[in-house]
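Trainee: Sharing start_32.txt (compact mmCIF, C-alpha atoms and all ligand atoms) below.
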```txt
# COMPACT_ATOMS: atom_id res chain seq x y z
CA MET A 13 -1.26 -73.30 -23.87
CA LYS A 14 -2.85 -73.18 -20.48
CA THR A 15 -6.15 -71.59 -19.53
CA TYR A 16 -6.29 -69.90 -16.14
CA SER A 17 -9.20 -69.38 -13.79
CA ASN A 18 -10.24 -66.16 -15.51
CA GLY A 19 -10.49 -67.96 -18.83
CA GLU A 20 -7.47 -66.07 -20.12
CA ILE A 21 -5.14 -68.01 -22.34
CA TRP A 22 -1.42 -67.38 -21.97
CA ALA A 23 -0.60 -67.03 -25.62
CA PHE A 24 2.93 -67.22 -27.05
CA GLU A 25 3.60 -70.22 -24.79
CA GLY A 26 6.90 -71.61 -25.94
CA LYS A 27 7.31 -69.29 -28.93
CA SER A 28 8.96 -66.14 -27.74
CA ARG A 29 9.33 -63.32 -30.22
CA ALA A 30 12.48 -62.60 -28.22
CA THR A 31 11.85 -58.92 -27.67
CA ASP A 32 13.98 -59.25 -24.56
CA ASP A 33 17.77 -59.13 -24.83
CA GLY A 34 18.40 -62.76 -23.96
CA ALA A 35 18.74 -62.17 -20.22
CA GLY A 36 15.01 -62.64 -19.71
CA VAL A 37 12.46 -60.19 -18.43
CA ILE A 38 11.10 -58.89 -15.15
CA LEU A 39 7.49 -58.04 -14.40
CA GLY A 40 6.76 -55.13 -12.07
CA LEU A 41 3.21 -54.80 -10.83
CA ASP A 42 1.56 -51.96 -8.93
CA GLY A 43 -1.80 -53.07 -7.56
CA GLY A 44 -4.41 -50.73 -6.14
CA ALA A 45 -8.10 -50.63 -5.44
CA THR A 46 -8.89 -48.65 -8.59
CA SER A 47 -6.40 -50.12 -11.00
CA THR A 48 -3.50 -52.50 -11.39
CA VAL A 49 -0.60 -51.75 -13.70
CA CYS A 50 2.00 -54.25 -14.85
CA VAL A 51 5.16 -53.52 -16.84
CA CYS A 52 7.58 -55.90 -18.48
CA VAL A 53 11.22 -54.82 -18.77
CA PRO A 54 14.43 -56.60 -19.73
CA ALA A 55 16.07 -58.22 -16.70
CA SER A 56 19.18 -56.24 -17.50
CA ALA A 57 17.19 -53.14 -16.50
CA ALA A 58 17.48 -54.14 -12.85
CA ILE A 59 21.24 -54.10 -13.16
CA HIS A 60 21.17 -50.69 -14.85
CA LEU A 61 18.85 -49.34 -12.19
CA ALA A 62 21.06 -50.63 -9.42
CA GLY A 63 23.84 -48.70 -11.15
CA GLU A 64 21.61 -45.60 -11.01
CA THR A 65 20.84 -45.33 -14.69
CA ALA A 66 17.92 -42.93 -15.09
CA ALA A 67 14.70 -44.89 -14.73
CA GLU A 68 13.30 -43.17 -17.82
CA SER A 69 15.99 -44.78 -19.96
CA VAL A 70 14.83 -48.30 -19.15
CA LYS A 71 13.04 -49.80 -22.12
CA VAL A 72 9.57 -50.94 -21.13
CA LEU A 73 8.70 -53.84 -23.39
CA ALA A 74 5.01 -53.75 -22.56
CA ARG A 75 2.53 -52.27 -20.15
CA ALA A 76 -0.95 -53.55 -19.23
CA THR A 77 -3.64 -52.29 -16.90
CA ALA A 78 -6.54 -54.01 -15.18
CA GLY A 79 -8.94 -53.34 -12.33
CA CYS A 80 -8.72 -53.86 -8.59
CA SER A 81 -6.25 -56.36 -7.13
CA ASN A 82 -6.73 -55.58 -3.45
CA TYR A 83 -8.49 -58.69 -2.18
CA ASN A 84 -9.77 -56.92 0.90
CA SER A 85 -11.75 -54.78 -1.50
CA VAL A 86 -13.03 -57.24 -4.11
CA GLY A 87 -12.41 -60.67 -2.61
CA GLU A 88 -9.79 -63.29 -3.36
CA VAL A 89 -11.25 -64.73 -6.56
CA ALA A 90 -11.56 -61.36 -8.29
CA ALA A 91 -8.16 -60.12 -7.06
CA LYS A 92 -6.40 -63.29 -8.24
CA GLU A 93 -8.10 -63.05 -11.61
CA THR A 94 -6.98 -59.45 -12.00
CA LEU A 95 -3.35 -60.37 -11.26
CA GLU A 96 -3.47 -63.27 -13.71
CA LYS A 97 -5.13 -61.18 -16.37
CA VAL A 98 -2.77 -58.23 -16.18
CA MET A 99 0.34 -60.44 -16.23
CA ALA A 100 -1.04 -62.52 -19.10
CA GLU A 101 -1.74 -59.35 -21.03
CA VAL A 102 1.68 -57.80 -20.47
CA ILE A 103 3.36 -61.03 -21.57
CA TYR A 104 1.12 -61.17 -24.63
CA LYS A 105 1.83 -57.54 -25.51
CA ALA A 106 5.58 -58.03 -25.08
CA GLY A 107 5.34 -60.98 -27.44
CA ILE A 108 7.33 -63.25 -25.16
CA SER A 109 6.93 -66.61 -23.52
CA ARG A 110 6.27 -66.98 -19.81
CA SER A 111 9.45 -69.03 -19.65
CA VAL A 112 11.64 -65.94 -20.11
CA VAL A 113 10.25 -64.30 -16.96
CA ARG A 114 13.09 -64.23 -14.41
CA ALA A 115 11.48 -62.28 -11.58
CA ILE A 116 8.21 -60.67 -10.59
CA CYS A 117 7.81 -57.86 -8.11
CA LEU A 118 4.25 -57.28 -6.95
CA ALA A 119 3.51 -54.21 -4.87
CA VAL A 120 -0.12 -54.62 -3.93
CA SER A 121 -2.33 -52.65 -1.57
CA GLY A 122 -3.90 -54.89 1.05
CA VAL A 123 -0.67 -56.79 1.76
CA ASN A 124 -0.39 -56.20 5.50
CA HIS A 125 0.78 -59.43 7.05
CA PRO A 126 3.11 -62.34 6.14
CA SER A 127 -0.04 -64.44 5.56
CA ASP A 128 -1.12 -61.98 2.83
CA GLN A 129 2.28 -62.35 1.17
CA GLN A 130 2.04 -66.14 1.43
CA LYS A 131 -1.42 -66.21 -0.13
CA ILE A 132 -0.39 -64.11 -3.13
CA LEU A 133 2.86 -66.03 -3.45
CA GLU A 134 0.87 -69.26 -3.82
CA TRP A 135 -1.31 -67.69 -6.54
CA ILE A 136 1.74 -66.55 -8.49
CA ARG A 137 3.68 -69.78 -7.97
CA ASP A 138 0.76 -71.56 -9.55
CA LEU A 139 1.34 -69.48 -12.69
CA PHE A 140 5.14 -69.49 -12.64
CA PRO A 141 6.06 -72.76 -10.97
CA TRP A 142 9.74 -72.79 -11.82
CA ASN A 143 12.64 -70.84 -10.47
CA VAL A 144 11.20 -67.35 -10.89
CA LYS A 145 12.08 -64.93 -8.08
CA ILE A 146 8.88 -63.51 -6.63
CA PHE A 147 8.74 -60.46 -4.36
CA ILE A 148 5.47 -59.39 -2.75
CA GLU A 149 5.21 -56.13 -0.85
CA ASN A 150 2.65 -53.60 0.24
CA ASP A 151 2.36 -50.91 -2.44
CA ALA A 152 3.76 -48.42 0.09
CA VAL A 153 7.17 -50.10 -0.14
CA ALA A 154 7.28 -49.64 -3.92
CA ALA A 155 6.02 -46.08 -3.58
CA MET A 156 8.85 -45.32 -1.15
CA ALA A 157 11.43 -46.80 -3.50
CA SER A 158 10.03 -44.88 -6.45
CA GLY A 159 10.55 -41.58 -4.66
CA THR A 160 14.04 -42.28 -3.38
CA MET A 161 15.55 -44.09 -6.36
CA GLY A 162 15.24 -47.37 -4.52
CA LYS A 163 16.64 -46.42 -1.15
CA LEU A 164 14.30 -47.48 1.65
CA HIS A 165 14.79 -44.58 4.03
CA GLY A 166 12.26 -42.00 5.14
CA CYS A 167 8.50 -42.02 5.13
CA VAL A 168 5.86 -42.58 2.48
CA LEU A 169 2.22 -41.56 2.54
CA ILE A 170 -0.27 -43.07 0.12
CA ALA A 171 -3.81 -41.74 -0.11
CA GLY A 172 -5.82 -43.25 -2.91
CA THR A 173 -8.90 -45.36 -2.34
CA GLY A 174 -7.26 -46.38 0.93
CA CYS A 175 -4.42 -44.73 2.82
CA ILE A 176 -1.30 -45.81 4.65
CA ALA A 177 1.84 -44.25 6.13
CA TYR A 178 5.00 -46.31 6.13
CA GLY A 179 8.48 -45.51 7.38
CA PHE A 180 11.96 -47.01 7.10
CA THR A 181 15.17 -46.24 8.96
CA GLU A 182 18.58 -46.61 7.39
CA ASP A 183 19.32 -49.54 9.70
CA GLY A 184 16.26 -51.45 8.42
CA ARG A 185 13.58 -50.79 11.03
CA GLN A 186 10.04 -50.24 9.70
CA ALA A 187 6.80 -48.83 11.07
CA ARG A 188 3.37 -48.14 9.65
CA ALA A 189 0.21 -46.31 10.63
CA ALA A 190 -3.34 -46.38 9.24
CA GLY A 191 -4.01 -48.62 6.24
CA ALA A 192 -6.41 -50.65 8.37
CA GLY A 193 -9.39 -50.15 6.05
CA PRO A 194 -12.55 -48.09 6.12
CA ILE A 195 -14.12 -49.74 9.16
CA LEU A 196 -11.03 -49.06 11.24
CA GLY A 197 -10.87 -45.34 10.73
CA ASP A 198 -8.85 -44.49 7.62
CA TRP A 199 -10.57 -41.11 7.43
CA GLY A 200 -7.92 -39.58 5.20
CA SER A 201 -8.40 -42.17 2.47
CA GLY A 202 -10.49 -41.51 -0.63
CA TYR A 203 -13.10 -43.85 0.80
CA GLY A 204 -12.97 -42.11 4.19
CA ILE A 205 -13.43 -38.65 2.66
CA ALA A 206 -16.28 -39.74 0.38
CA ALA A 207 -18.04 -41.68 3.15
CA GLN A 208 -18.00 -38.56 5.36
CA ALA A 209 -19.43 -36.53 2.46
CA LEU A 210 -22.25 -39.02 1.82
CA THR A 211 -23.02 -39.07 5.53
CA ALA A 212 -23.19 -35.26 5.56
CA VAL A 213 -25.71 -35.33 2.68
CA ILE A 214 -27.96 -37.77 4.56
CA ARG A 215 -27.64 -35.79 7.80
CA ALA A 216 -28.62 -32.57 6.00
CA TYR A 217 -31.59 -34.30 4.34
CA ASP A 218 -32.80 -35.63 7.70
CA GLY A 219 -32.35 -32.25 9.40
CA ARG A 220 -29.59 -33.67 11.63
CA GLY A 221 -26.86 -31.56 10.07
CA PRO A 222 -26.23 -28.31 8.19
CA GLN A 223 -27.27 -27.86 4.57
CA THR A 224 -24.39 -28.38 2.16
CA LEU A 225 -23.48 -27.94 -1.50
CA LEU A 226 -22.42 -31.59 -1.36
CA THR A 227 -26.08 -32.58 -1.73
CA ASN A 228 -26.61 -31.12 -5.20
CA ASN A 229 -23.07 -31.75 -6.35
CA ILE A 230 -23.04 -35.44 -5.42
CA LEU A 231 -26.58 -36.10 -6.70
CA LYS A 232 -25.66 -34.46 -10.00
CA VAL A 233 -22.54 -36.56 -10.46
CA LEU A 234 -24.44 -39.74 -9.64
CA GLY A 235 -27.49 -38.83 -11.72
CA LEU A 236 -29.84 -39.16 -8.74
CA ALA A 237 -32.87 -36.98 -7.99
CA SER A 238 -33.03 -37.08 -4.21
CA PRO A 239 -30.77 -37.92 -1.22
CA ASP A 240 -32.93 -40.90 -0.28
CA GLU A 241 -31.88 -42.51 -3.57
CA LEU A 242 -28.37 -42.61 -2.11
CA ILE A 243 -29.48 -45.48 0.10
CA GLY A 244 -30.13 -47.73 -2.89
CA TRP A 245 -27.02 -46.42 -4.64
CA THR A 246 -24.70 -47.33 -1.77
CA TYR A 247 -26.29 -50.76 -1.20
CA ALA A 248 -26.17 -51.60 -4.91
CA ASP A 249 -22.36 -51.98 -4.95
CA GLN A 250 -20.25 -51.30 -1.91
CA SER A 251 -16.83 -51.50 -3.57
CA TRP A 252 -14.50 -49.03 -1.92
CA ALA A 253 -13.22 -47.49 -5.13
CA ARG A 254 -16.75 -46.63 -6.33
CA ILE A 255 -17.41 -44.64 -3.15
CA ALA A 256 -13.90 -43.12 -3.13
CA ALA A 257 -14.40 -41.79 -6.67
CA LEU A 258 -16.51 -38.99 -5.16
CA VAL A 259 -13.50 -37.17 -3.63
CA PRO A 260 -13.18 -34.62 -6.48
CA VAL A 261 -16.78 -33.53 -5.77
CA VAL A 262 -15.86 -32.91 -2.14
CA VAL A 263 -12.84 -30.87 -3.24
CA THR A 264 -14.81 -28.71 -5.71
CA SER A 265 -17.58 -28.18 -3.14
CA ALA A 266 -14.99 -26.95 -0.63
CA GLU A 267 -13.43 -24.73 -3.33
CA ASP A 268 -16.87 -23.25 -3.94
CA GLY A 269 -17.03 -22.22 -0.28
CA ASP A 270 -18.97 -25.10 1.27
CA GLU A 271 -18.12 -25.26 4.96
CA VAL A 272 -19.19 -28.87 5.43
CA ALA A 273 -16.91 -30.07 2.62
CA ASP A 274 -14.11 -27.85 3.89
CA LYS A 275 -14.44 -29.32 7.38
CA ILE A 276 -14.32 -32.87 6.03
CA LEU A 277 -11.14 -32.12 4.09
CA ARG A 278 -9.48 -30.39 7.05
CA PHE A 279 -10.27 -33.37 9.28
CA SER A 280 -8.93 -35.77 6.66
CA VAL A 281 -5.75 -33.73 6.23
CA LYS A 282 -5.17 -33.91 9.99
CA GLU A 283 -5.77 -37.68 9.97
CA LEU A 284 -3.24 -38.18 7.17
CA ALA A 285 -0.69 -35.89 8.83
CA ASP A 286 -1.18 -37.65 12.19
CA SER A 287 -0.51 -41.04 10.56
CA VAL A 288 2.76 -39.78 9.11
CA LYS A 289 3.75 -38.11 12.38
CA ALA A 290 3.09 -41.34 14.31
CA VAL A 291 5.48 -43.21 12.01
CA ILE A 292 8.13 -40.48 12.19
CA GLN A 293 7.95 -40.44 15.98
CA ARG A 294 8.13 -44.21 16.36
CA LEU A 295 11.19 -44.43 14.14
CA LYS A 296 12.67 -41.10 15.33
CA LEU A 297 13.19 -40.19 11.66
CA GLY A 298 13.49 -36.51 12.53
CA GLY A 299 16.17 -37.17 15.17
CA GLU A 300 15.85 -36.07 18.80
CA ASP A 301 14.81 -32.51 17.92
CA GLY A 302 12.57 -33.49 14.98
CA LYS A 303 14.64 -31.37 12.60
CA SER A 304 16.89 -33.94 10.91
CA PRO A 305 16.30 -34.18 7.16
CA PHE A 306 14.59 -37.20 5.60
CA PRO A 307 12.43 -37.83 2.51
CA LEU A 308 8.64 -37.90 2.65
CA VAL A 309 7.26 -39.54 -0.48
CA ILE A 310 3.70 -38.52 -1.34
CA VAL A 311 1.67 -40.80 -3.61
CA GLY A 312 -1.96 -41.40 -4.59
CA GLY A 313 -4.86 -39.76 -6.38
CA VAL A 314 -6.11 -37.91 -3.30
CA LEU A 315 -2.73 -36.23 -2.76
CA GLU A 316 -1.58 -35.81 -6.33
CA ALA A 317 -4.46 -34.73 -8.47
CA ASN A 318 -5.90 -31.58 -6.93
CA LYS A 319 -3.54 -28.73 -7.61
CA LYS A 320 -6.04 -25.86 -7.45
CA LYS A 321 -7.33 -23.92 -4.43
CA TRP A 322 -7.80 -26.94 -2.19
CA ASN A 323 -4.67 -29.03 -2.39
CA ILE A 324 -4.88 -31.92 0.07
CA GLY A 325 -1.27 -33.01 -0.44
CA LYS A 326 0.08 -29.52 0.17
CA GLU A 327 -1.98 -29.13 3.34
CA VAL A 328 -0.77 -32.47 4.69
CA ILE A 329 2.85 -31.46 4.11
CA LYS A 330 2.26 -28.12 5.85
CA HIS A 331 0.84 -29.88 8.95
CA ILE A 332 3.74 -32.30 9.16
CA SER A 333 6.43 -29.70 8.62
CA ASN A 334 5.12 -27.69 11.58
CA ASP A 335 6.51 -30.47 13.79
CA PHE A 336 9.20 -31.97 11.55
CA SER A 337 10.95 -29.23 9.65
CA GLY A 338 13.44 -31.67 8.10
CA ILE A 339 10.94 -33.37 5.78
CA HIS A 340 11.86 -33.30 2.13
CA PRO A 341 8.60 -33.90 0.18
CA ILE A 342 8.91 -35.95 -3.01
CA HIS A 343 6.17 -36.56 -5.58
CA PRO A 344 7.58 -39.43 -7.64
CA GLU A 345 7.36 -38.99 -11.39
CA VAL A 346 8.05 -42.62 -12.15
CA ARG A 347 6.31 -45.19 -10.04
CA LEU A 348 6.49 -48.53 -11.72
CA HIS A 349 9.99 -48.67 -13.12
CA LEU A 350 11.59 -48.39 -9.75
CA ILE A 351 9.68 -51.28 -8.25
CA LEU A 352 12.35 -53.25 -9.98
CA GLN A 353 15.03 -51.91 -7.72
CA PHE A 354 14.11 -54.49 -5.12
CA LEU A 355 15.57 -57.16 -7.28
N1 LIG B 401 -8.81 -34.28 -8.67
C1 LIG B 401 -8.84 -35.06 -7.59
N2 LIG B 401 -8.84 -34.54 -6.36
C2 LIG B 401 -8.89 -35.34 -5.26
N3 LIG B 401 -8.94 -36.68 -5.31
C3 LIG B 401 -8.93 -37.25 -6.51
C4 LIG B 401 -8.87 -36.50 -7.72
N4 LIG B 401 -8.87 -37.35 -8.76
C5 LIG B 401 -8.93 -38.60 -8.23
N5 LIG B 401 -8.98 -38.53 -6.89
C6 LIG B 401 -9.13 -39.64 -5.94
O1 LIG B 401 -8.02 -40.50 -5.99
C7 LIG B 401 -8.42 -41.80 -5.55
C8 LIG B 401 -7.81 -42.84 -6.45
O2 LIG B 401 -6.41 -42.73 -6.35
P1 LIG B 401 -5.43 -43.92 -6.76
O3 LIG B 401 -5.71 -44.30 -8.16
O4 LIG B 401 -4.07 -43.49 -6.35
O5 LIG B 401 -5.95 -45.04 -5.76
P2 LIG B 401 -5.94 -46.63 -5.82
O6 LIG B 401 -4.69 -47.10 -6.44
O7 LIG B 401 -7.24 -47.10 -6.31
O8 LIG B 401 -5.98 -46.90 -4.26
P3 LIG B 401 -5.06 -47.69 -3.25
O9 LIG B 401 -3.65 -47.17 -3.48
O10 LIG B 401 -5.63 -47.31 -1.93
O11 LIG B 401 -5.24 -49.12 -3.59
C9 LIG B 401 -9.95 -41.83 -5.55
O12 LIG B 401 -10.41 -41.72 -4.22
C10 LIG B 401 -10.29 -40.56 -6.34
O13 LIG B 401 -11.51 -39.99 -5.93
```
Let's see the structure in the file written out as structure tokens.
Mentor:
Amino acid sequence: MKTYSNGEIWAFEGKSRATDDGAGVILGLDGGATSTVCVCVPASAAIHLAGETAAESVKVLARATAGCSNYNSVGEVAAKETLEKVMAEVIYKAGISRSVVRAICLAVSGVNHPSDQQKILEWIRDLFPWNVKIFIENDAVAAMASGTMGKLHGCVLIAGTGCIAYGFTEDGRQARAAGAGPILGDWGSGYGIAAQALTAVIRAYDGRGPQTLLTNNILKVLGLASPDELIGWTYADQSWARIAALVPVVVTSAEDGDEVADKILRFSVKELADSVKAVIQRLKLGGEDGKSPFPLVIVGGVLEANKKKWNIGKEVIKHISNDFSGIHPIHPEVRLHLILQFL
């Protein structure tokens, strides 16, 4: 047995319960700022998927979840520990040995540059030092594949804690927009929306901005008595996901008629739509007249969850389709299974 930096012990070392079918297993990992999910499936699943077997029919041997694995958000030590922990747990739950892992596909938010891929590759190689195939991609790539049954063509928009728009042409060109983080203007992200809402509360308290329902609604959710307590609350822990978790309060405030919240959401919708449009234009996905059909995969808590009066995802699609009538919006049902189609 070996103990890794998080103190986790990789149990079942060398004594597989052989829940796989003899061909080994594949790990598929979807890493975000709020959570990281890892599944373990038989390696033969990749072959079935390539043959277009329904993703739902693939037997998932085990599934494990952990916290944030975006190292821009929590730092390298914590992100590495999360990846180690979630993979150790999925292997433990599947009752297999690490030695039967044939390939690992990690789709992690925060992977923006070849140096990010290299860094994560070194972490994983340290855990699986033999001939295991390792694929590391931005989570947008996996999200795209999950919506199109593995075909990398079209555009994908993710808006969770962060946001990013990514596009692929059939001849292999790629482009992206946004996804640069909260300092660099990702105003359509969960963090961006919540940061604007917190700012509006402070502005109203100071008398620099209009009064807003956001004040009472946010204080209530956070269990605070006064807006000036927000200063201590934000300094106490500046993790992006903690701030971004306030988006549902912004949505319900807008649904209750608050103009400040409504304005924030409208601005964020435009930012998200503009990111997608920038990608579409750069890759000419809509053809010369902007009307050619192509898939637009929509993923992430900010776009998926709110299905009531104020539906951010629906508004974003409406904005984009004004200019690109050929978009075919897809909300993937199955996200993780299809990561494996890269293999
Ligand atoms: N009902 C809702 N309406 C709007 N937003 C919501 C709702 N429920 C959750 N969210 C937001 O979804 C976000 C989390 O989404 P998700 O879990 O997809 O992100 P993540 O994986 O942490 O982020 P990333 O993909 O950027 O790493 C948070 O900002 C949260 O506030």
Trainee: Show me, as a list of chain:residue names, the residues that have an atom within 10 Å of Asn229 in chain A when counting all atoms listed in the file, minus same-chain residues fewer than 4 positions from it.
Mentor: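 Contacts, with the query itself left out: A:Thr224, A:Leu225, A:Val233, A:Leu234, A:Gly235, A:Leu258, A:Val261, A:Val262, A:Thr264, A:Ser265.
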Trainee: Quick one, how far is CA of Ile103 in chain A from CA of Val53 in chain A?
Mentor: 10.4 Å
Trainee: CA of Gly159 in chain A to CA of His343 in chain A: how many Å, to one decimal?
Mentor: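 Taking CA of Gly159 in chain A and CA of His343 in chain A, their separation equals 6.7 Å.
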Trainee: Between A:Phe306, A:Phe279, A:Phe336, A:Tyr203, which has the minimum distance to ligand LIG 401 (chain B) (counting only C-alpha atoms and all ligand atoms)?
Mentor: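 Smallest separation from ligand LIG 401 (chain B) among the options: A:Tyr203.
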Trainee: Counting only C-alpha atoms and all ligand atoms, what are the residues, protein, DNA or RNA alike, that approach ligand LIG 401 (chain B) to within 6 Å? I want them as a ChimeraX atom specification.
Mentor: /A:44-47,121,172-175,202,256-260,312-314,317-318
Trainee: How would the residues just picked look written out with C-alpha atoms as a short mmCIF file (atom, residue, chain, number, x, y, z; two decimals), in the frame of the given file?
Mentor:
```cif
data_model
loop_
_atom_site.label_atom_id
_atom_site.label_comp_id
_atom_site.auth_asym_id
_atom_site.auth_seq_id
_atom_site.Cartn_x
_atom_site.Cartn_y
_atom_site.Cartn_z
CA GLY A 44 -4.41 -50.73 -6.14
CA ALA A 45 -8.10 -50.63 -5.44
CA THR A 46 -8.89 -48.65 -8.59
CA SER A 47 -6.40 -50.12 -11.00
CA SER A 121 -2.33 -52.65 -1.57
CA GLY A 172 -5.82 -43.25 -2.91
CA THR A 173 -8.90 -45.36 -2.34
CA GLY A 174 -7.26 -46.38 0.93
CA CYS A 175 -4.42 -44.73 2.82
CA GLY A 202 -10.49 -41.51 -0.63
CA ALA A 256 -13.90 -43.12 -3.13
CA ALA A 257 -14.40 -41.79 -6.67
CA LEU A 258 -16.51 -38.99 -5.16
CA VAL A 259 -13.50 -37.17 -3.63
CA PRO A 260 -13.18 -34.62 -6.48
CA GLY A 312 -1.96 -41.40 -4.59
CA GLY A 313 -4.86 -39.76 -6.38
CA VAL A 314 -6.11 -37.91 -3.30
CA ALA A 317 -4.46 -34.73 -8.47
CA ASN A 318 -5.90 -31.58 -6.93
#
```
Trainee: Please tell me which residues are no farther than 10 Å from (-30.8, -38.1, -2.4) in the file, counting all atoms listed in the file, and write them as a ChimeraX atom specification.
Mentor: /A:210,213-214,217,227-228,230-232,234-245
Trainee: Which residues are near range 137-140 of chain A? Cut-off 9 Å, only C-alpha atoms, ignore same chain within fewer than 4 positions. Put them as a PyMOL selection string.
Mentor: chain A and resi 16+96+110-111+113+132-133+144+146
Trainee: Go through A:Val49, A:Ala55, A:Leu308, A:Ala90 one by one, measure the shortest atom-to-atom distance of each to Ala76 in chain A using all atoms listed in the file, and give the residue with the smallest value.
Mentor: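 Once distances to Ala76 in chain A are computed over all atoms listed in the file, the minimum belongs to A:Val49.
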Trainee: Counting only C-alpha atoms, which residue out of A:Ile116, A:Ala273, A:Ile292, A:Ala91 sits closest to Val168 in chain A?
Mentor: A:Ile292
Trainee: As a list in words, please: the residues near Ser337 in chain A (cut-off 9 Å, all atoms listed in the file, same-chain neighbours under 3 positions excluded).
Mentor: Gly298, Gly302, Lys303, Ser304, Pro305, Ile332, Ser333, Asn334 and His340 of chain A
Trainee: Ranking A:Val72, A:Ile205, A:Ala192, A:Val311 by minimum distance to Ala155 in chain A and counting all atoms listed in the file, which one comes first?
Mentor: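 Of the candidates, the smallest distance to Ala155 in chain A is held by A:Val311.
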Trainee: Expressed in Å to a single decimal, how great is the separation between CA of Ala216 in chain A and CA of Ser201 in chain A?
Mentor: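 Going from CA of Ala216 in chain A over to CA of Ser201 in chain A covers 22.7 Å.
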Trainee: Could you pull range 117-131 of chain A out of the block above and save it with N, CA and C atoms, as a PDB file, in the first residue's frame?
Mentor:
```
ATOM      1  N   CYS A 117      -9.228   9.944 -18.079  1.00  0.00           N
ATOM      2  CA  CYS A 117      -9.526  11.178 -18.793  1.00  0.00           C
ATOM      3  C   CYS A 117      -9.980  12.211 -17.781  1.00  0.00           C
ATOM      4  N   LEU A 118      -9.200  13.262 -17.621  1.00  0.00           N
ATOM      5  CA  LEU A 118      -9.542  14.307 -16.661  1.00  0.00           C
ATOM      6  C   LEU A 118      -9.983  15.549 -17.419  1.00  0.00           C
ATOM      7  N   ALA A 119     -11.190  15.982 -17.162  1.00  0.00           N
ATOM      8  CA  ALA A 119     -11.695  17.222 -17.748  1.00  0.00           C
ATOM      9  C   ALA A 119     -11.864  18.199 -16.594  1.00  0.00           C
ATOM     10  N   VAL A 120     -10.927  19.119 -16.487  1.00  0.00           N
ATOM     11  CA  VAL A 120     -10.840  19.931 -15.266  1.00  0.00           C
ATOM     12  C   VAL A 120     -10.932  21.410 -15.601  1.00  0.00           C
ATOM     13  N   SER A 121     -11.767  22.147 -14.894  1.00  0.00           N
ATOM     14  CA  SER A 121     -11.808  23.588 -15.128  1.00  0.00           C
ATOM     15  C   SER A 121     -10.488  24.183 -14.637  1.00  0.00           C
ATOM     16  N   GLY A 122     -10.039  25.216 -15.315  1.00  0.00           N
ATOM     17  CA  GLY A 122      -8.751  25.821 -14.952  1.00  0.00           C
ATOM     18  C   GLY A 122      -7.612  25.329 -15.832  1.00  0.00           C
ATOM     19  N   VAL A 123      -7.888  24.349 -16.703  1.00  0.00           N
ATOM     20  CA  VAL A 123      -6.855  23.901 -17.645  1.00  0.00           C
ATOM     21  C   VAL A 123      -6.964  24.787 -18.896  1.00  0.00           C
ATOM     22  N   ASN A 124      -6.041  25.734 -19.010  1.00  0.00           N
ATOM     23  CA  ASN A 124      -6.151  26.733 -20.074  1.00  0.00           C
ATOM     24  C   ASN A 124      -4.972  26.732 -21.025  1.00  0.00           C
ATOM     25  N   HIS A 125      -3.895  26.099 -20.634  1.00  0.00           N
ATOM     26  CA  HIS A 125      -2.636  26.258 -21.352  1.00  0.00           C
ATOM     27  C   HIS A 125      -1.915  24.906 -21.302  1.00  0.00           C
ATOM     28  N   PRO A 126      -1.040  24.612 -22.291  1.00  0.00           N
ATOM     29  CA  PRO A 126      -0.303  23.346 -22.232  1.00  0.00           C
ATOM     30  C   PRO A 126       0.452  23.168 -20.905  1.00  0.00           C
ATOM     31  N   SER A 127       0.879  24.265 -20.288  1.00  0.00           N
ATOM     32  CA  SER A 127       1.607  24.128 -19.011  1.00  0.00           C
ATOM     33  C   SER A 127       0.670  23.619 -17.896  1.00  0.00           C
ATOM     34  N   ASP A 128      -0.629  23.959 -17.992  1.00  0.00           N
ATOM     35  CA  ASP A 128      -1.596  23.431 -17.006  1.00  0.00           C
ATOM     36  C   ASP A 128      -1.735  21.918 -17.199  1.00  0.00           C
ATOM     37  N   GLN A 129      -1.811  21.517 -18.483  1.00  0.00           N
ATOM     38  CA  GLN A 129      -1.940  20.075 -18.772  1.00  0.00           C
ATOM     39  C   GLN A 129      -0.712  19.324 -18.259  1.00  0.00           C
ATOM     40  N   GLN A 130       0.466  19.936 -18.492  1.00  0.00           N
ATOM     41  CA  GLN A 130       1.714  19.292 -18.089  1.00  0.00           C
ATOM     42  C   GLN A 130       1.771  19.114 -16.568  1.00  0.00           C
ATOM     43  N   LYS A 131       1.352  20.159 -15.868  1.00  0.00           N
ATOM     44  CA  LYS A 131       1.394  20.110 -14.396  1.00  0.00           C
ATOM     45  C   LYS A 131       0.512  18.967 -13.869  1.00  0.00           C
TER      46      LYS A 131
END
```
